[in-house]
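Source file: protein-v4.pdb. Holds: PDB, C-alpha atoms (C1' of nucleotides).
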ATOM      1  CA  MET A   1     -79.966 -19.928 -54.688
ATOM      2  CA  THR A   2     -76.555 -20.738 -53.256
ATOM      3  CA  ILE A   3     -75.952 -22.522 -50.001
ATOM      4  CA  ALA A   4     -74.888 -19.222 -48.433
ATOM      5  CA  GLN A   5     -78.207 -17.637 -49.348
ATOM      6  CA  VAL A   6     -80.179 -20.526 -47.958
ATOM      7  CA  SER A   7     -78.075 -20.397 -44.837
ATOM      8  CA  GLU A   8     -78.820 -16.689 -44.568
ATOM      9  CA  CYS A   9     -82.539 -17.059 -44.898
ATOM     10  CA  THR A  10     -83.122 -20.195 -42.839
ATOM     11  CA  GLY A  11     -80.665 -19.507 -40.060
ATOM     12  CA  LEU A  12     -78.950 -22.871 -40.518
ATOM     13  CA  THR A  13     -75.246 -22.851 -41.274
ATOM     14  CA  ALA A  14     -73.957 -24.173 -44.590
ATOM     15  CA  HIS A  15     -72.419 -27.004 -42.595
ATOM     16  CA  THR A  16     -75.775 -27.929 -41.161
ATOM     17  CA  LEU A  17     -77.487 -27.732 -44.527
ATOM     18  CA  ARG A  18     -74.997 -30.189 -45.957
ATOM     19  CA  TYR A  19     -75.402 -32.375 -42.892
ATOM     20  CA  TYR A  20     -79.179 -32.395 -43.313
ATOM     21  CA  GLU A  21     -78.742 -33.374 -46.918
ATOM     22  CA  ARG A  22     -76.325 -36.202 -46.106
ATOM     23  CA  THR A  23     -78.597 -37.569 -43.457
ATOM     24  CA  GLY A  24     -81.587 -37.701 -45.763
ATOM     25  CA  LEU A  25     -83.638 -34.782 -44.510
ATOM     26  CA  LEU A  26     -84.050 -33.023 -47.840
ATOM     27  CA  LEU A  27     -86.686 -34.016 -50.367
ATOM     28  CA  GLN A  28     -83.881 -34.528 -52.809
ATOM     29  CA  PRO A  29     -80.289 -33.385 -52.975
ATOM     30  CA  PRO A  30     -80.247 -30.036 -54.739
ATOM     31  CA  PRO A  31     -78.846 -30.249 -58.277
ATOM     32  CA  ARG A  32     -75.461 -28.701 -58.991
ATOM     33  CA  GLY A  33     -74.425 -25.803 -61.192
ATOM     34  CA  GLY A  34     -71.547 -26.153 -63.651
ATOM     35  CA  ASN A  35     -69.069 -25.409 -60.882
ATOM     36  CA  GLY A  36     -70.381 -28.245 -58.728
ATOM     37  CA  HIS A  37     -72.121 -25.877 -56.317
ATOM     38  CA  ARG A  38     -75.544 -26.715 -54.947
ATOM     39  CA  ARG A  39     -78.469 -24.771 -56.428
ATOM     40  CA  TYR A  40     -81.471 -24.544 -54.154
ATOM     41  CA  THR A  41     -84.990 -23.524 -55.108
ATOM     42  CA  GLU A  42     -87.559 -21.576 -53.121
ATOM     43  CA  ARG A  43     -89.315 -24.856 -52.522
ATOM     44  CA  ASP A  44     -86.171 -26.241 -50.874
ATOM     45  CA  VAL A  45     -86.137 -23.219 -48.611
ATOM     46  CA  GLY A  46     -89.748 -23.776 -47.629
ATOM     47  CA  TRP A  47     -89.002 -27.365 -46.797
ATOM     48  CA  VAL A  48     -85.952 -26.448 -44.744
ATOM     49  CA  ARG A  49     -88.005 -23.891 -42.869
ATOM     50  CA  LEU A  50     -90.488 -26.590 -41.953
ATOM     51  CA  LEU A  51     -87.597 -28.747 -40.777
ATOM     52  CA  THR A  52     -86.383 -25.945 -38.549
ATOM     53  CA  ARG A  53     -89.805 -25.714 -36.937
ATOM     54  CA  LEU A  54     -89.877 -29.418 -36.313
ATOM     55  CA  ARG A  55     -86.419 -29.251 -34.768
ATOM     56  CA  ALA A  56     -87.249 -26.187 -32.707
ATOM     57  CA  THR A  57     -90.176 -28.070 -31.245
ATOM     58  CA  GLY A  58     -87.918 -30.947 -30.312
ATOM     59  CA  MET A  59     -88.490 -33.493 -33.045
ATOM     60  CA  PRO A  60     -85.396 -35.679 -33.264
ATOM     61  CA  ILE A  61     -83.495 -36.029 -36.527
ATOM     62  CA  THR A  62     -84.756 -39.583 -36.957
ATOM     63  CA  GLY A  63     -88.348 -38.364 -36.829
ATOM     64  CA  MET A  64     -87.654 -35.722 -39.416
ATOM     65  CA  ARG A  65     -86.006 -38.358 -41.577
ATOM     66  CA  ARG A  66     -89.079 -40.574 -41.417
ATOM     67  CA  TYR A  67     -91.178 -37.584 -42.368
ATOM     68  CA  ALA A  68     -88.892 -36.771 -45.296
ATOM     69  CA  GLU A  69     -88.952 -40.369 -46.481
ATOM     70  CA  MET A  70     -92.715 -40.333 -46.547
ATOM     71  CA  ALA A  71     -92.758 -37.014 -48.337
ATOM     72  CA  ARG A  72     -90.587 -38.544 -51.063
ATOM     73  CA  GLU A  73     -93.106 -41.343 -51.530
ATOM     74  CA  GLY A  74     -95.813 -38.923 -52.653
ATOM     75  CA  ARG A  75     -99.547 -38.727 -52.173
ATOM     76  CA  ASP A  76     -99.909 -42.203 -50.714
ATOM     77  CA  THR A  77     -98.381 -41.066 -47.459
ATOM     78  CA  TYR A  78    -100.545 -38.012 -46.798
ATOM     79  CA  ALA A  79    -102.399 -39.753 -44.005
ATOM     80  CA  ALA A  80     -99.260 -41.132 -42.398
ATOM     81  CA  ARG A  81     -97.538 -37.773 -42.576
ATOM     82  CA  LYS A  82    -100.488 -36.068 -41.011
ATOM     83  CA  GLU A  83    -100.504 -38.632 -38.227
ATOM     84  CA  LEU A  84     -96.825 -38.089 -37.594
ATOM     85  CA  LEU A  85     -97.375 -34.356 -37.285
ATOM     86  CA  GLU A  86    -100.393 -34.835 -35.056
ATOM     87  CA  ALA A  87     -98.459 -37.116 -32.754
ATOM     88  CA  HIS A  88     -95.736 -34.525 -32.639
ATOM     89  CA  ARG A  89     -98.234 -31.784 -31.877
ATOM     90  CA  ALA A  90     -99.531 -33.833 -28.969
ATOM     91  CA  ASP A  91     -95.975 -34.232 -27.694
ATOM     92  CA  VAL A  92     -95.329 -30.540 -27.873
ATOM     93  CA  LEU A  93     -98.560 -29.619 -26.148
ATOM     94  CA  ALA A  94     -97.751 -32.083 -23.379
ATOM     95  CA  ARG A  95     -94.291 -30.585 -23.036
ATOM     96  CA  ILE A  96     -95.746 -27.113 -22.767
ATOM     97  CA  GLU A  97     -98.041 -28.321 -19.999
ATOM     98  CA  GLN A  98     -95.144 -29.935 -18.195
ATOM     99  CA  LEU A  99     -93.144 -26.765 -18.570
ATOM    100  CA  ARG A 100     -95.952 -24.802 -16.956
ATOM    101  CA  ASP A 101     -96.047 -27.186 -14.011
ATOM    102  CA  ASP A 102     -92.321 -27.036 -13.497
ATOM    103  CA  LEU A 103     -92.422 -23.287 -13.799
ATOM    104  CA  ALA A 104     -95.077 -23.083 -11.126
ATOM    105  CA  LEU A 105     -92.741 -24.696  -8.634
ATOM    106  CA  ILE A 106     -89.962 -22.354  -9.619
ATOM    107  CA  GLU A 107     -92.273 -19.398  -9.130
ATOM    108  CA  ASN A 108     -93.103 -20.647  -5.658
ATOM    109  CA  LYS A 109     -89.435 -20.594  -4.963
ATOM    110  CA  ILE A 110     -89.184 -17.033  -6.232
ATOM    111  CA  ASN A 111     -91.968 -16.077  -3.865
ATOM    112  CA  THR A 112     -90.234 -17.668  -0.930
ATOM    113  CA  TYR A 113     -87.259 -15.424  -1.620
ATOM    114  CA  ASP A 114     -89.568 -12.437  -1.478
ATOM    115  CA  LYS A 115     -90.771 -13.551   1.920
ATOM    116  CA  LEU A 116     -87.316 -14.361   3.208
ATOM    117  CA  MET A 117     -86.069 -10.974   2.116
ATOM    118  CA  GLY A 118     -89.058  -9.230   3.611
ATOM    119  CA  GLU A 119     -88.023 -10.570   7.008
ATOM    120  CA  LEU A 120     -84.621  -8.937   6.895
TER     121      LEU A 120
ATOM    122  CA  MET B   1     -82.150 -42.292   3.208
ATOM    123  CA  THR B   2     -79.991 -44.369   0.902
ATOM    124  CA  ILE B   3     -79.052 -43.390  -2.609
ATOM    125  CA  ALA B   4     -81.481 -45.991  -3.953
ATOM    126  CA  GLN B   5     -84.333 -44.414  -2.038
ATOM    127  CA  VAL B   6     -83.482 -40.956  -3.249
ATOM    128  CA  SER B   7     -83.215 -42.318  -6.756
ATOM    129  CA  GLU B   8     -86.627 -43.886  -6.350
ATOM    130  CA  CYS B   9     -88.308 -40.748  -5.137
ATOM    131  CA  THR B  10     -86.662 -38.168  -7.375
ATOM    132  CA  GLY B  11     -86.553 -40.168 -10.588
ATOM    133  CA  LEU B  12     -82.828 -39.610 -11.011
ATOM    134  CA  THR B  13     -80.602 -42.672 -11.201
ATOM    135  CA  ALA B  14     -78.001 -43.316  -8.523
ATOM    136  CA  HIS B  15     -75.417 -42.629 -11.220
ATOM    137  CA  THR B  16     -76.902 -39.235 -11.857
ATOM    138  CA  LEU B  17     -77.142 -38.405  -8.169
ATOM    139  CA  ARG B  18     -73.439 -39.109  -7.740
ATOM    140  CA  TYR B  19     -72.720 -37.116 -10.868
ATOM    141  CA  TYR B  20     -74.669 -34.154  -9.521
ATOM    142  CA  GLU B  21     -72.730 -34.368  -6.297
ATOM    143  CA  ARG B  22     -69.367 -34.534  -8.081
ATOM    144  CA  THR B  23     -70.210 -31.577 -10.222
ATOM    145  CA  GLY B  24     -71.180 -29.423  -7.271
ATOM    146  CA  LEU B  25     -74.944 -29.337  -7.571
ATOM    147  CA  LEU B  26     -75.708 -30.470  -4.052
ATOM    148  CA  LEU B  27     -75.744 -28.098  -1.099
ATOM    149  CA  GLN B  28     -73.178 -30.334   0.503
ATOM    150  CA  PRO B  29     -72.067 -33.878  -0.130
ATOM    151  CA  PRO B  30     -74.250 -36.109   2.011
ATOM    152  CA  PRO B  31     -72.423 -37.534   5.041
ATOM    153  CA  ARG B  32     -71.616 -41.233   5.080
ATOM    154  CA  GLY B  33     -72.800 -44.052   7.321
ATOM    155  CA  GLY B  34     -70.326 -46.437   8.923
ATOM    156  CA  ASN B  35     -70.232 -48.493   5.746
ATOM    157  CA  GLY B  36     -69.239 -45.491   3.646
ATOM    158  CA  HIS B  37     -72.681 -45.226   2.056
ATOM    159  CA  ARG B  38     -74.255 -41.841   1.478
ATOM    160  CA  ARG B  39     -77.034 -40.837   3.883
ATOM    161  CA  TYR B  40     -79.439 -38.309   2.463
ATOM    162  CA  THR B  41     -81.945 -36.245   4.394
ATOM    163  CA  GLU B  42     -85.414 -35.098   3.387
ATOM    164  CA  ARG B  43     -83.927 -31.686   2.815
ATOM    165  CA  ASP B  44     -81.517 -33.154   0.282
ATOM    166  CA  VAL B  45     -84.464 -34.696  -1.501
ATOM    167  CA  GLY B  46     -86.268 -31.368  -1.621
ATOM    168  CA  TRP B  47     -83.211 -29.734  -3.081
ATOM    169  CA  VAL B  48     -82.775 -32.450  -5.694
ATOM    170  CA  ARG B  49     -86.403 -32.095  -6.643
ATOM    171  CA  LEU B  50     -85.864 -28.401  -7.250
ATOM    172  CA  LEU B  51     -82.857 -29.274  -9.376
ATOM    173  CA  THR B  52     -84.963 -31.626 -11.468
ATOM    174  CA  ARG B  53     -87.445 -28.826 -12.137
ATOM    175  CA  LEU B  54     -84.685 -26.510 -13.206
ATOM    176  CA  ARG B  55     -83.296 -29.180 -15.532
ATOM    177  CA  ALA B  56     -86.715 -30.056 -16.888
ATOM    178  CA  THR B  57     -87.185 -26.430 -17.815
ATOM    179  CA  GLY B  58     -83.872 -26.425 -19.636
ATOM    180  CA  MET B  59     -81.496 -24.793 -17.212
ATOM    181  CA  PRO B  60     -77.983 -25.987 -18.055
ATOM    182  CA  ILE B  61     -75.862 -27.708 -15.444
ATOM    183  CA  THR B  62     -73.617 -24.664 -15.184
ATOM    184  CA  GLY B  63     -76.601 -22.502 -14.258
ATOM    185  CA  MET B  64     -77.668 -24.936 -11.596
ATOM    186  CA  ARG B  65     -74.133 -24.967 -10.273
ATOM    187  CA  ARG B  66     -74.114 -21.200  -9.946
ATOM    188  CA  TYR B  67     -77.399 -21.404  -8.109
ATOM    189  CA  ALA B  68     -76.053 -24.082  -5.765
ATOM    190  CA  GLU B  69     -72.931 -22.048  -5.095
ATOM    191  CA  MET B  70     -75.017 -19.075  -4.087
ATOM    192  CA  ALA B  71     -77.239 -21.233  -1.931
ATOM    193  CA  ARG B  72     -74.149 -22.403  -0.058
ATOM    194  CA  GLU B  73     -73.209 -18.813   0.654
ATOM    195  CA  GLY B  74     -76.323 -18.227   2.688
ATOM    196  CA  ARG B  75     -78.674 -15.284   3.190
ATOM    197  CA  ASP B  76     -76.460 -12.780   1.453
ATOM    198  CA  THR B  77     -77.340 -14.255  -1.912
ATOM    199  CA  TYR B  78     -81.120 -14.257  -1.608
ATOM    200  CA  ALA B  79     -81.435 -11.396  -4.057
ATOM    201  CA  ALA B  80     -79.009 -12.874  -6.551
ATOM    202  CA  ARG B  81     -80.692 -16.267  -6.378
ATOM    203  CA  LYS B  82     -84.066 -14.707  -6.916
ATOM    204  CA  GLU B  83     -82.726 -12.840  -9.925
ATOM    205  CA  LEU B  84     -81.302 -16.008 -11.368
ATOM    206  CA  LEU B  85     -84.644 -17.737 -11.042
ATOM    207  CA  GLU B  86     -86.476 -14.775 -12.503
ATOM    208  CA  ALA B  87     -84.163 -14.678 -15.480
ATOM    209  CA  HIS B  88     -84.755 -18.354 -15.943
ATOM    210  CA  ARG B  89     -88.493 -17.890 -15.691
ATOM    211  CA  ALA B  90     -88.311 -15.284 -18.422
ATOM    212  CA  ASP B  91     -86.340 -17.720 -20.585
ATOM    213  CA  VAL B  92     -88.881 -20.440 -20.093
ATOM    214  CA  LEU B  93     -91.815 -18.173 -20.839
ATOM    215  CA  ALA B  94     -90.095 -17.034 -24.014
ATOM    216  CA  ARG B  95     -89.467 -20.618 -24.991
ATOM    217  CA  ILE B  96     -93.095 -21.477 -24.458
ATOM    218  CA  GLU B  97     -94.082 -18.585 -26.695
ATOM    219  CA  GLN B  98     -91.641 -19.713 -29.347
ATOM    220  CA  LEU B  99     -92.974 -23.232 -29.090
ATOM    221  CA  ARG B 100     -96.482 -21.928 -29.689
ATOM    222  CA  ASP B 101     -95.367 -20.073 -32.793
ATOM    223  CA  ASP B 102     -93.558 -23.060 -34.198
ATOM    224  CA  LEU B 103     -96.516 -25.240 -33.409
ATOM    225  CA  ALA B 104     -98.811 -22.901 -35.299
ATOM    226  CA  LEU B 105     -96.848 -23.471 -38.472
ATOM    227  CA  ILE B 106     -96.944 -27.213 -37.937
ATOM    228  CA  GLU B 107    -100.692 -27.046 -37.450
ATOM    229  CA  ASN B 108    -101.024 -25.194 -40.721
ATOM    230  CA  LYS B 109     -99.215 -28.065 -42.305
ATOM    231  CA  ILE B 110    -101.605 -30.538 -40.700
ATOM    232  CA  ASN B 111    -104.483 -28.564 -42.157
ATOM    233  CA  THR B 112    -102.994 -28.636 -45.612
ATOM    234  CA  TYR B 113    -102.972 -32.421 -45.401
ATOM    235  CA  ASP B 114    -106.661 -32.319 -44.590
ATOM    236  CA  LYS B 115    -107.269 -30.266 -47.689
ATOM    237  CA  LEU B 116    -105.048 -32.382 -49.885
ATOM    238  CA  MET B 117    -106.789 -35.516 -48.728
ATOM    239  CA  GLY B 118    -110.199 -33.965 -49.200
ATOM    240  CA  GLU B 119    -109.394 -33.546 -52.881
ATOM    241  CA  LEU B 120    -108.778 -37.246 -53.383
TER     242      LEU B 120
ATOM    243  C1'  DG C   1     -50.396 -15.953 -63.980
ATOM    244  C1'  DC C   2     -51.911 -15.131 -59.200
ATOM    245  C1'  DT C   3     -54.887 -14.218 -55.522
ATOM    246  C1'  DT C   4     -59.186 -14.275 -53.382
ATOM    247  C1'  DG C   5     -63.259 -16.185 -52.049
ATOM    248  C1'  DA C   6     -67.098 -19.192 -52.330
ATOM    249  C1'  DC C   7     -67.793 -23.548 -52.735
ATOM    250  C1'  DT C   8     -66.713 -28.950 -52.603
ATOM    251  C1'  DT C   9     -65.537 -33.569 -49.951
ATOM    252  C1'  DA C  10     -64.661 -37.210 -46.301
ATOM    253  C1'  DG C  11     -64.165 -37.615 -42.045
ATOM    254  C1'  DA C  12     -62.755 -36.027 -37.327
ATOM    255  C1'  DG C  13     -64.063 -33.528 -33.159
ATOM    256  C1'  DC C  14     -66.990 -31.341 -29.756
ATOM    257  C1'  DG C  15     -70.178 -30.131 -25.792
ATOM    258  C1'  DC C  16     -73.698 -31.620 -23.085
ATOM    259  C1'  DG C  17     -75.635 -34.584 -19.831
ATOM    260  C1'  DC C  18     -75.586 -38.364 -18.544
ATOM    261  C1'  DT C  19     -74.507 -43.602 -18.331
ATOM    262  C1'  DC C  20     -71.860 -47.272 -17.547
ATOM    263  C1'  DC C  21     -67.738 -50.195 -16.357
ATOM    264  C1'  DA C  22     -64.337 -52.544 -13.499
ATOM    265  C1'  DA C  23     -62.757 -53.380  -9.407
ATOM    266  C1'  DC C  24     -63.535 -52.954  -4.868
ATOM    267  C1'  DT C  25     -65.752 -52.913   0.130
ATOM    268  C1'  DC C  26     -69.131 -54.065   3.348
ATOM    269  C1'  DC C  27     -72.812 -56.521   5.496
ATOM    270  C1'  DC C  28     -76.119 -60.033   6.059
ATOM    271  C1'  DA C  29     -78.523 -64.613   5.353
ATOM    272  C1'  DG C  30     -77.981 -69.432   4.789
TER     273       DG C  30
ATOM    274  C1'  DC D   1     -67.362 -69.775   4.935
ATOM    275  C1'  DT D   2     -69.986 -68.374   0.901
ATOM    276  C1'  DG D   3     -72.900 -65.874  -1.948
ATOM    277  C1'  DG D   4     -75.562 -62.040  -2.977
ATOM    278  C1'  DG D   5     -76.834 -57.416  -2.914
ATOM    279  C1'  DA D   6     -76.118 -52.687  -2.190
ATOM    280  C1'  DG D   7     -73.034 -49.499  -2.085
ATOM    281  C1'  DT D   8     -68.130 -47.206  -3.289
ATOM    282  C1'  DT D   9     -64.470 -45.100  -6.734
ATOM    283  C1'  DG D  10     -62.075 -43.067 -10.961
ATOM    284  C1'  DG D  11     -62.528 -42.764 -15.271
ATOM    285  C1'  DA D  12     -64.196 -44.273 -19.850
ATOM    286  C1'  DG D  13     -67.965 -44.236 -23.185
ATOM    287  C1'  DC D  14     -72.188 -42.800 -25.445
ATOM    288  C1'  DG D  15     -75.873 -40.453 -28.302
ATOM    289  C1'  DC D  16     -77.305 -36.423 -30.201
ATOM    290  C1'  DG D  17     -76.824 -32.709 -33.239
ATOM    291  C1'  DC D  18     -74.100 -30.344 -34.973
ATOM    292  C1'  DT D  19     -69.397 -28.063 -36.093
ATOM    293  C1'  DC D  20     -65.188 -27.877 -37.921
ATOM    294  C1'  DT D  21     -60.784 -29.189 -40.501
ATOM    295  C1'  DA D  22     -57.966 -30.174 -44.349
ATOM    296  C1'  DA D  23     -57.341 -30.389 -48.786
ATOM    297  C1'  DG D  24     -59.063 -29.500 -53.050
ATOM    298  C1'  DT D  25     -61.794 -27.159 -57.192
ATOM    299  C1'  DC D  26     -63.474 -23.409 -59.722
ATOM    300  C1'  DA D  27     -64.409 -18.506 -61.412
ATOM    301  C1'  DA D  28     -63.612 -13.765 -61.325
ATOM    302  C1'  DG D  29     -60.669  -9.719 -60.866
ATOM    303  C1'  DC D  30     -56.144  -7.563 -60.927
TER     304       DC D  30
END
Just dump the structure as structure tokens.
Amino acid sequence: MTIAQVSECTGLTAHTLRYYERTGLLLQPPPRGGNGHRRYTERDVGWVRLLTRLRATGMPITGMRRYAEMAREGRDTYAARKELLEAHRADVLARIEQLRDDLALIENKINTYDKLMGEL
Amino acid sequence: MTIAQVSECTGLTAHTLRYYERTGLLLQPPPRGGNGHRRYTERDVGWVRLLTRLRATGMPITGMRRYAEMAREGRDTYAARKELLEAHRADVLARIEQLRDDLALIENKINTYDKLMGEL
DNA sequence: GCTTGACTTAGAGCGCGCTCCAACTCCCAG
DNA sequence: CTGGGAGTTGGAGCGCGCTCTAAGTCAAGC
């Protein structure tokens, strides 16, 4: 697959894909065709999709890089990788809880507008 | 109240409080004491606390500024302010849903590590 | 042979939301 | 009178995650 196709099917721009590669987020830099263009595999796409989920849930680039580094080291890091993901899951769940709390206050405010408007 | 006290009880730094004021997020700039220092009221604190909830739920500064502008205009904008908050609520709920989806994929990944490690 | 278009690179630039700096004023305690 | 601490200002700087630019290469189609 070309970079444009991967861009298409992951939602990341070609720029971002190259940036991710430069910054060490890919398992390995995709090999090049005769013209020097990157050639991605389905497996690369799967990996990038996982990256997008991690990003979407707020994992910083440095965290994703640590995860990628471990993934490159192979089976020995299964436990560590799982722990990293579990810690991240805990973060996300906590953020969702916090979001609910904050939203509750905002909903109170919405209700006060209802009351204020009812009085007019 | 002094800026330090407001900082203390809202969690924002004095720097950030001044920044919020400069950028038009306060209902009005707090009046100054004889020494030129800002004097905040309890009402200011309540307002800042609302701002922090809006920020925490991802409302951009520009959105908060629009909200503050409307609040300065008085009763006429009740409906518009309520709509703004409702739109924001919808955003946040959607984001929570998205977060859940993304998290589900990450949890799958955690489970695959369990399986992979079980095979060792 | 020339154009077009998809790709390549190194490196600069950007938008957001702070965060901090330098230089200053003011007030109070010792 | 001095020092310290809390505040003031305008404006610069920062960290993150992209995002884009400029200049170049290559392959295919006319």
Residues returned when the PyMOL selection byres ((chain A and resi 71-79) around 12) runs on this file, as a PyMOL selection string: (chain A and resi 24-29+47+64-70+80-86) or (chain B and resi 109-120)
Exercise answer, chain D residues close to chain B, 10 Å and all atoms listed in the file, as a list in words: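 Matching residues, ligands excluded from the count: DA6, DG7 and DT8 of chain D.
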Limited to C-alpha atoms (C1' of nucleotides), could you put the picked residues into a file as an mmCIF file, in the frame of the given file?
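Written out: result.cif:
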data_model
loop_
_atom_site.group_PDB
_atom_site.id
_atom_site.type_symbol
_atom_site.label_atom_id
_atom_site.label_comp_id
_atom_site.auth_asym_id
_atom_site.auth_seq_id
_atom_site.Cartn_x
_atom_site.Cartn_y
_atom_site.Cartn_z
ATOM 1 C "C1'" DA D 6 -76.118 -52.687 -2.190
ATOM 2 C "C1'" DG D 7 -73.034 -49.499 -2.085
ATOM 3 C "C1'" DT D 8 -68.130 -47.206 -3.289
#
Residue among A:Arg53, A:Arg32, A:His15, A:His88 lying closest to chain B, counting all atoms listed in the file: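 Counting all atoms listed in the file, the residue closest to chain B is A:Arg53.
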Test item: the PyMOL selection byres ((chain B) within 12 of (chain C)) resolved as a ChimeraX atom specification: /B:12-20,23,33-37,55,58-62
Contact residues around Arg95 (chain A) with all atoms listed in the file at 10 Å, ignoring same-chain residues under 5 positions, as a count of residues only: 10
Option closest in space to Asp102 (chain A), from B:Leu51, B:Cys9, B:Ala87, B:Met1 [counting only C-alpha atoms]: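 Closest to Asp102 (chain A) of all the choices is B:Leu51.
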Centre and edge lengths of an axis-aligned box around all listed atoms of region 15-30 of chain B, with 3 Å added on each side, are to be given in Å to one decimal, as AutoDock Vina command-line options.
--center_x -73.3 --center_y -35.4 --center_z -4.9 --size_x 13.8 --size_y 20.5 --size_z 19.9
Atom-to-atom span, CA of Val92 (chain B) and CA of Val6 (chain A), Å: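 We find that CA of Val92 (chain B) and CA of Val6 (chain A) lie 29.2 Å from each other.
Taking C1' of DG13 (chain D) as the reference point, CA of Thr52 (chain B) is found at 24.2 Å.
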From B:Asp91, B:Glu42, B:Gly63, B:Leu54, residue lying nearest chain A [all atoms listed in the file]: B:Leu54
